[in-house]
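Enquirer: Below you'll find the structure I mean.
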Amino acid sequence: MKLSTVTKSIILDSICLLYVLLFVYAAVNKLMDFKNFQIQLAQSPLLSAYAGWISYLVPLAEFFTVGLLLIPKFRNVALFIALSIMVMFTTYIIIILNFSPFVPCSCGGVLEKLGWHEHLIFNFIFVFLAMAGIFIVNKDPDYPNLTRKVLRFPFLFLNVFCSISIVLVLFLLSEDTMHHHNNFIRRFPQHAAELIHERNLQSDAYYIAGAGEGKIFLGNYGAPLSITIIDTSLQVQQVKLIKLSRTDFPFRSLKVMVRVPDFYVSDGSVPCIFRGLTKDWKAQLWMQNKVFFSRIEPMDSTSVVLSTVSSVTHRNVLGTIAGKDDLDVKLAPNLLTKQIDGYFDTNGILQYNSFLKKVVYTYYYRNQYVVATPSLLPEPTGKTIDTVSIARIKVAYSEGDKIGKLASPPYIVNKGASTFGKYLFINAAMTGRFEPVAMWKSASVLDVYNLIDYSYVFSFYLPDKSGKKVSQFKVDDNKVIVICGKYLQVYQLQTDYYERIKL
């Protein structure tokens, strides 16, 4: 059925009005909370490298398009620009859905309340409306013949193609910027670690609570007082239920740590620490309401080292709790070095090396690890082999915030760590020189450092399992115990670079 000129005019006016309302609403909401818009845009793994100029360009482009839509003779051009904007937004969402669906939406207003799938449908509708408007305009006899002939399918296709290409190029360039190579070389001895045992745990809720005396102790996030004990051959399994002397606490994040023959149950949000023996799995309350903490590491049966946030400086600090009945809490406020904000830039992995009797703290975002005595007296700071000495993070503060929030995805240097004997093992996040990129896509890399002379020793690969990378690992003697998704694996170190030490 052929539409009348009046009907086409009404449809075209309606499409233009919808776009005017959409772009004005979106642009105004962005500008009303511009700082938050920039933060949200910078959190995107696609555009974080370009968040600065894009945060200005997007609302300006929306207002510019609105201005053209309100002038009848420029509607043709305006609809092509509107189509381009919506195609770019739609391409962005499609990549987000396949990359990281938890990235916050930065559209502003009620549009932020939409889920990514709903947002995708919403965008497709407006893409269709723009195309419909373009066809109506180009069939309007009031427009010059040249315009009608030129601005049809070829330009429509070119517009869509270029819009998609722009987003894809930005995505690829941003990825390259976030994962650029650093000037260092790793040593990979042949067959340094061999997979000797593997077991399907049927769940990804397990974590490594400890290892020792030929046993692996697994905690469970879903059943926090359950402990699963498996021998290192992964053949024999038994489950024990931990009994606490008190259960009348508002537990939120119970965590079990096993250091044979002792074990500990802690919740830094209460805060409380229970302590017991693995022979009966009964734990007595040892610490209550002394200090909040994010993590503890037992040093012996009467002392632990902890990481917490200072109530004065709002920075990460390390501390100790020691004693049997009358507990003594001490903090070392200057052990961790502030570079940017003192909180995010000092995030890391806390460990205790019982052989060397040293506290080891590995930073997430820089090429350093802190070494200290059990009383938290500083020793020389170690360096990893990459070159990121200053944390590459951006922190934004809203009014009234004492602790800010990350304004863009952080550049991770060290993803995880474990220490045994005289060695520190680090799950590295950065590709070294002359390393095949394909291996990094299918394996994790562990770098090994000597904690006595602070030297780099060697590196080895841990292959992915069922598409999952290493989420946690722990070294026990010459065994590397690994969790990959739902799988528990045991690797054996068999290289002359690694010297076994009997504790």
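Going through the structure tokens in order, the chains are called A, B, and so on, while each chain numbers its residues from 1 and the ligands are numbered from 1 in the order shown.
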Find the residues near Thr373 of chain A: any atom within 8 Å, counting only C-alpha atoms, skip ones fewer than 3 places away on the same chain, and give them as a list in words.
Expert: Lys357, Lys358, Val359, Leu376, Leu377, Pro378 and Glu379 of chain A
Enquirer: Go through segment 131-289 of chain A and collect every residue that DSSP, computed from the backbone, puts in alpha helix (DSSP H); the answer should be as a PyMOL selection string.
Expert: chain A and resi 131-138+145-150+153-178
Enquirer: Would you list the contacts of Phe80 of chain A as a list in words, taking every protein, DNA or RNA residue within 8 Å and counting only C-alpha atoms, but skipping same-chain residues closer than 6 positions in sequence?
Expert: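 The residues that qualify are Ala130, Ile134, Leu156 and Asn159 of chain A.
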Enquirer: I need the chosen residues saved as a short mmCIF file (atom, residue, chain, number, x, y, z; two decimals), in the first residue's frame, with N, CA and C atoms.
Expert:
```cif
data_model
loop_
_atom_site.label_atom_id
_atom_site.label_comp_id
_atom_site.auth_asym_id
_atom_site.auth_seq_id
_atom_site.Cartn_x
_atom_site.Cartn_y
_atom_site.Cartn_z
N ALA A 130 15.85 5.06 11.98
CA ALA A 130 16.70 5.96 11.19
C ALA A 130 16.71 5.56 9.73
N ILE A 134 15.39 7.73 6.53
CA ILE A 134 16.24 8.03 5.37
C ILE A 134 15.53 7.69 4.07
N LEU A 156 24.04 4.34 2.40
CA LEU A 156 23.50 3.68 3.58
C LEU A 156 24.42 2.55 4.02
N ASN A 159 27.71 3.98 5.32
CA ASN A 159 27.52 4.55 6.65
C ASN A 159 27.59 3.47 7.73
#
```
Enquirer: Rank nothing, just name the residue among A:Ile412, A:Leu120, A:Leu306, A:Val66 nearest to Ala322 of chain A, using only C-alpha atoms.
Expert: A:Leu306
Enquirer: For atom CA of Asp262 of chain A and atom CA of Ile227 of chain A, quote the distance in Å rounded to one decimal.
Expert: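 Separating atom CA of Asp262 of chain A from atom CA of Ile227 of chain A is a distance of 13.4 Å.
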Enquirer: List the spatial neighbours of segment 213-225 of chain A as a list in words - criterion: any atom at most 6 Å away, only C-alpha atoms, same-chain residues fewer than 6 positions off excluded.
Expert: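 That gives Ala205, Tyr206, Tyr207, Asp231, Thr232, Leu241, Ile242 and Leu254 of chain A.
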Enquirer: Quote the spacing between atom CA of Lys282 of chain A and atom CA of Asn353 of chain A in Å to one decimal place.
Expert: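 Calculated distance between atom CA of Lys282 of chain A and atom CA of Asn353 of chain A is 25.5 Å.
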Enquirer: Neighbours of segment 243-248 of chain A within 7 Å (only C-alpha atoms; same-chain residues fewer than 3 positions away dropped), as a list in words?
Expert: Trp281, Lys282, Ala283, Gln284 and Leu285 of chain A
Enquirer: Mind writing the picked residues with N, CA and C atoms as a compact mmCIF listing (two decimals), in the first residue's frame?
Expert:
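Final output, saved to out-v8.txt:
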```
# COMPACT_ATOMS: atom_id res chain seq x y z
N TRP A 281 39.07 -31.01 64.23
CA TRP A 281 38.35 -29.96 63.50
C TRP A 281 37.36 -29.19 64.38
N LYS A 282 37.78 -28.96 65.63
CA LYS A 282 37.01 -28.12 66.54
C LYS A 282 37.79 -26.83 66.78
N ALA A 283 37.12 -25.70 66.62
CA ALA A 283 37.80 -24.41 66.70
C ALA A 283 37.25 -23.56 67.83
N GLN A 284 38.16 -22.98 68.60
CA GLN A 284 37.80 -22.08 69.68
C GLN A 284 38.02 -20.63 69.25
N LEU A 285 37.20 -19.75 69.77
CA LEU A 285 37.33 -18.33 69.45
C LEU A 285 38.64 -17.80 70.02
```
Enquirer: Hey, what's within 12 Å of Gln339 of chain A if we count only C-alpha atoms and toss same-chain stuff fewer than 2 positions away? As a list in words, please?
Expert: Arg315, Asn316, Leu336, Thr337, Asp341, Gly342, Tyr343, Phe344, Asp345, Thr346, Asn347, Tyr363, Tyr365, Arg366, Ser389, Ile390, Ala391, Arg392, Ile393, Lys394 and Val395 of chain A
Enquirer: From a DSSP calculation on the backbone, collect every residue of segment 191-431 of chain A in strand (DSSP E or B) and output the set as a PyMOL selection string.
Expert: chain A and resi 193-200+206-212+215-220+226-231+237-241+243-244+255-259+262-267+272-277+282-288+295-300+303-309+316-322+328-332+348-353+358-363+368-372+378+382-383+395-396+405-406+414-420+423-428
Enquirer: Identify which of the residues A:Ala332, A:Ile426, A:Ile340, A:Leu83 lies closest to Val413 of chain A, counting only C-alpha atoms when measuring atom-to-atom distances.
Expert: A:Ile426
Enquirer: If we count only C-alpha atoms and set the cut-off at 7 Å, which residues sit around Gln238 of chain A, ignoring sequence neighbours fewer than 4 positions away in its own chain? Please answer as a PyMOL selection string.
Expert: chain A and resi 228-230
Enquirer: Please save C-alpha atoms of the selected residues as a PDB file, in the first residue's frame.
Expert:
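Writing the result to out18.pdb gives the following:
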```
ATOM      1  CA  THR A 228      37.456 -31.482  51.894  1.00  0.00           C
ATOM      2  CA  ILE A 229      40.687 -33.441  52.361  1.00  0.00           C
ATOM      3  CA  ILE A 230      42.326 -35.076  49.337  1.00  0.00           C
TER       4      ILE A 230
END
```
Enquirer: Do you have the atom CA of Gly485 of chain A-atom CA of Ala428 of chain A distance handy?
Expert: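 Result for atom CA of Gly485 of chain A versus atom CA of Ala428 of chain A: 18.2 Å, one decimal.
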Enquirer: Here is a test: counting only C-alpha atoms, which residue of A:Thr90, A:Asn427, A:Ser303, A:Gln351 is nearest to Ser375 of chain A?
Expert: A:Ser303
